[in-house]
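A.B. asks: Got a structure here, written out as structure tokens. Questions coming.
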Amino acid sequence: MYSRWLLVLILVGSGHLWAGPEIQSWTTSKGARVLYVSAPELPMVDLRIVFDAGSARDAVPGVAYLTNALLEEGAGEWSADQIAERLDSVGAEMSVSSHRDMAMVSIRSLTEKRALATTIDTLVAVVGSPRFDEADLERNRKAVLVSLNHDEQSPGTVAQKAFMKALFREHPYATHTEGTKESMANITRQDVIDHHRRYYVATNAVIAIVGAIDRVQAEQLAEQVISGLKSGERAEALPPVSDLEAANRLAIPFPSSQSHILMGQPGIFRGDPDYFVLYVGNHILGGSGLVSLLSEEVREKRGLSYSVYSYFSPMRRNGPFLIGAQTQNAKADEALEVMRQTLTRFIESGPSEAELTAAKQNITGGFPLRIASNGKILEYLAMLGFYDLPLDYLERFVDNINSVSREQIREAFQRRIQPDNLITVVVGNGQTQTQAN
């Protein structure tokens with residue numbers, strides 16, 4: 001396995017054509033889409049089921065998160081402890097997670113017959129027959145409430161939540177995945193059952209499989225893991241994210257030694273035609289750590305912040321484009337102005353040829369390490385399937401990066417980023433809370 005990825009590194013670094021992992025795809029009898037990669041080097045299989053069941057589908061804020069967390073708390077005839085014991089007995093692992101777009105369940109198992117059978121039987125029960133016992137619900141509710149209380153003590157989290165709310169306003173993305181203390185306190189067991197019944201269905205699922213099994217075995221495995229699910233229907237389309245019509249600044253007082261600054265606007269969606277151009281451009285602007293333009297201007301030249309960054313976070317609909325930094329309270333206005341000026345100059349002029357060359361080398365040189373394990377490939381398969389991206393995405397990634405030009409970056413940033421219509425959130429000590437449009 002390691003020799004294979006060493007070869008990948010050599011081929012990419014030397015400019016030779018590289019063929020990514022062969023991805024096969026099909027649809028199960030109940031309508032779930034499957035993406036599969038054979039990886040025979042180790043006697044293991046990684047599998048992830050992704051449902052269009054994230055917080056964007058909340059009937060009550062936080063219900064998607066709570067539903068997903070409760071899946072492995074008890075299912076079928078087994079309690080949470082019994083589920084854990086079953087998996088431990090065969091050396092298997094299971095995890096659940098929930099985000100704005102998606103909710104997922106992942107397993108890793110040996111391919112040995114007993115181990116795999118035990119793991120998959122457990123997975124079938126977890127996704128298809130969760131108990132949602134009242135006692136488990138209350139215990140998880142209390143844990144989430146503790147987490148939400150802790151969030152109020154974190155200036156960075158306060159800033160993030162305020163930014164997302166101001167950015168997305170009435171859109172489903174505006175709500176934090178865990179909801180609010182008020183909404184979490186009001187979620188009922190029936191709310192959880194209804195969410196699971198509507199969204200945890202086969203047609204609303206993508207299955208990603210990577211491991212030492214052949215195509216026939218993968219097809220059998222995919223059919224088995226959704227055997228406890230109804231076919232159902234896909235989730236309805238999310239509404240588009242509206243562009244900002246004016247700037248909006250929020251100054252939130254907080255007893256902290258530093259101010260947390262977030263600035264941005266709606267960005268791009270998965271599959272956006274501008275994705276690779278904006279991805280490379282942002283790498284130069286603020287996505288490459290200490291060698292980015294933002295770091296040079298804010299950190300190196302002026303010492304205003306130890307860390308400053310920017311990123312696009314594409315989702316099913318336009319996710320955020322965000323620039324962030326932490327700085328001394330007294331330096332917040334100065335740091336913010338430098339961040340704005342750096343963004344404006346980049347939009348007007350784009351990158352230099354040297355900056356573009358360095359960015360391409362950095363991105364393509366590091367790319368093989370991002371798919372250098374079965375677990376990492378699994379993440380990409382789940383993403384490609386969920387967002388319906390081309391199966392040759394990984395194979396064409398390096399070419400797509402290398403084809404980006406300076407003019408494309410400048411034109412795309414001028415077309416997509418409006419520096420006069422940004423959401424700005426500053427959370428720090430001694431500020432007066434304001435909101436201006």
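In the structure tokens, chains take the letters A, B, ... in the order shown, each chain's residues start at 1, and ligands count up from 1 in the order shown.
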I need the alpha helix (DSSP H) residues of range 106-310 of chain A per DSSP on the backbone, written as a PyMOL selection string.
C.D. replies: chain A and resi 113-128+134-151+155-168+181-186+189-199+215-225+275-282+293-294
A.B. asks: Residues near Lys165 in chain A, anyone? I mean within 12 Å using only C-alpha atoms, not counting same-chain ones fewer than 3 positions away, as an MDAnalysis selection string.
C.D. replies: chainID A and resid 158:162 168:177 179 248 250 265:266 320 423:425
A.B. asks: Quick one, how far is CA of Gln418 in chain A from CA of Phe269 in chain A?
C.D. replies: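 Distance reported for this atom pair: 17.0 Å.
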A.B. asks: For Val398 in chain A, which residue out of A:Arg57, A:Glu223, A:Asp81, A:Gly20 is the nearest one, using only C-alpha atoms?
C.D. replies: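 Among the listed residues, A:Gly20 lies closest to Val398 in chain A.
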A.B. asks: If you count only C-alpha atoms, which residues fall within 12 Å of Val426 in chain A, apart from same-chain ones fewer than 5 positions away, as a PyMOL selection string?
C.D. replies: chain A and resi 155-163+248-254+256+258-263+323-329+331-333+335-336+431-435
A.B. asks: So that I can check the surroundings of Arg299 in chain A, please list as a PyMOL selection string every protein, DNA and RNA residue that reaches within 12 Å of it, counting only C-alpha atoms and ignoring chain neighbours fewer than 6 positions away.
C.D. replies: chain A and resi 286+289-293+305-309+325-327+335+338-339
A.B. asks: As a VMD selection string, which residues of range 201-265 of chain A does DSSP assign to strand (DSSP E)?
C.D. replies: chain A and resid 205 to 211 248 to 253 258 to 265
A.B. asks: For Glu236 in chain A, which residue out of A:Ala56, A:Val277, A:Leu422, A:Leu116 is the nearest one, using only C-alpha atoms?
C.D. replies: A:Ala56
A.B. asks: Would you list the contacts of Val126 in chain A as number ranges by chain, taking every protein, DNA or RNA residue within 10 Å and counting only C-alpha atoms, but skipping same-chain residues closer than 2 positions in sequence?
C.D. replies: A: 68, 70-76, 78, 83, 105, 120-124, 128-131, 225, 228
A.B. asks: Considering only C-alpha atoms, state which residue in the set A:Gly428, A:Pro314, A:Gly281, A:Pro40 is at the smallest distance from Ser257 in chain A.
C.D. replies: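 Ranking A:Gly428, A:Pro314, A:Gly281, A:Pro40 by distance to Ser257 in chain A, first place goes to A:Gly428.
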A.B. asks: Expressed in Å to a single decimal, how great is the separation between CA of Glu138 in chain A and CA of Val192 in chain A?
C.D. replies: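 Calculated distance between CA of Glu138 in chain A and CA of Val192 in chain A is 12.1 Å.
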A.B. asks: Looking at A:His283, A:Arg189, A:His196, A:Arg215, which one is nearest to Thr357 in chain A, with distances taken over only C-alpha atoms?
C.D. replies: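 Once distances to Thr357 in chain A are computed over only C-alpha atoms, the minimum belongs to A:His283.
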A.B. asks: Using only C-alpha atoms, which of the listed residues (A:Leu356, A:Ala135, A:Leu369, A:Ile377) sits closest to Arg48 in chain A?
C.D. replies: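 Selected residue with least distance to Arg48 in chain A: A:Ile377.
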A.B. asks: Give me the residues near Pro273 in chain A as a PyMOL selection string, where near means some atom within 12 Å (using only C-alpha atoms) and where sequence neighbours in that chain fewer than 3 positions away do not count.
C.D. replies: chain A and resi 268-270+276-279+314+389+400+408+412+416
A.B. asks: For the residues in that selection, give me N, CA and C atoms as an mmCIF file, in the first residue's frame.
C.D. replies:
```
data_model
loop_
_atom_site.group_PDB
_atom_site.id
_atom_site.type_symbol
_atom_site.label_atom_id
_atom_site.label_comp_id
_atom_site.auth_asym_id
_atom_site.auth_seq_id
_atom_site.Cartn_x
_atom_site.Cartn_y
_atom_site.Cartn_z
ATOM 1 N N ILE A 268 -19.662 29.514 -2.627
ATOM 2 C CA ILE A 268 -19.882 28.607 -3.747
ATOM 3 C C ILE A 268 -20.531 27.313 -3.256
ATOM 4 N N PHE A 269 -21.061 26.529 -4.209
ATOM 5 C CA PHE A 269 -21.653 25.238 -3.904
ATOM 6 C C PHE A 269 -20.774 24.129 -4.463
ATOM 7 N N ARG A 270 -20.978 22.912 -3.946
ATOM 8 C CA ARG A 270 -20.255 21.769 -4.482
ATOM 9 C C ARG A 270 -20.644 21.563 -5.939
ATOM 10 N N PHE A 276 -12.591 25.346 -8.846
ATOM 11 C CA PHE A 276 -11.137 25.183 -8.875
ATOM 12 C C PHE A 276 -10.422 26.531 -8.985
ATOM 13 N N VAL A 277 -11.000 27.454 -9.733
ATOM 14 C CA VAL A 277 -10.390 28.783 -9.862
ATOM 15 C C VAL A 277 -10.383 29.496 -8.507
ATOM 16 N N LEU A 278 -11.512 29.476 -7.826
ATOM 17 C CA LEU A 278 -11.598 30.147 -6.530
ATOM 18 C C LEU A 278 -10.786 29.410 -5.470
ATOM 19 N N TYR A 279 -10.707 28.101 -5.584
ATOM 20 C CA TYR A 279 -9.910 27.313 -4.640
ATOM 21 C C TYR A 279 -8.431 27.691 -4.728
ATOM 22 N N PRO A 314 -17.820 25.051 0.407
ATOM 23 C CA PRO A 314 -18.962 24.749 -0.484
ATOM 24 C C PRO A 314 -19.884 23.706 0.124
ATOM 25 N N LEU A 389 -20.953 14.591 -7.926
ATOM 26 C CA LEU A 389 -19.815 15.085 -8.684
ATOM 27 C C LEU A 389 -19.287 13.994 -9.613
ATOM 28 N N ASN A 400 -7.069 19.961 -13.236
ATOM 29 C CA ASN A 400 -7.942 21.105 -13.009
ATOM 30 C C ASN A 400 -7.228 22.221 -12.249
ATOM 31 N N GLN A 408 -8.157 34.074 -14.872
ATOM 32 C CA GLN A 408 -9.352 33.394 -14.393
ATOM 33 C C GLN A 408 -9.602 33.712 -12.915
ATOM 34 N N ALA A 412 -12.852 35.732 -11.684
ATOM 35 C CA ALA A 412 -13.799 35.033 -10.825
ATOM 36 C C ALA A 412 -13.990 35.760 -9.500
ATOM 37 N N ARG A 416 -17.507 37.167 -8.211
ATOM 38 C CA ARG A 416 -18.158 36.433 -7.120
ATOM 39 C C ARG A 416 -18.054 37.106 -5.752
#
```
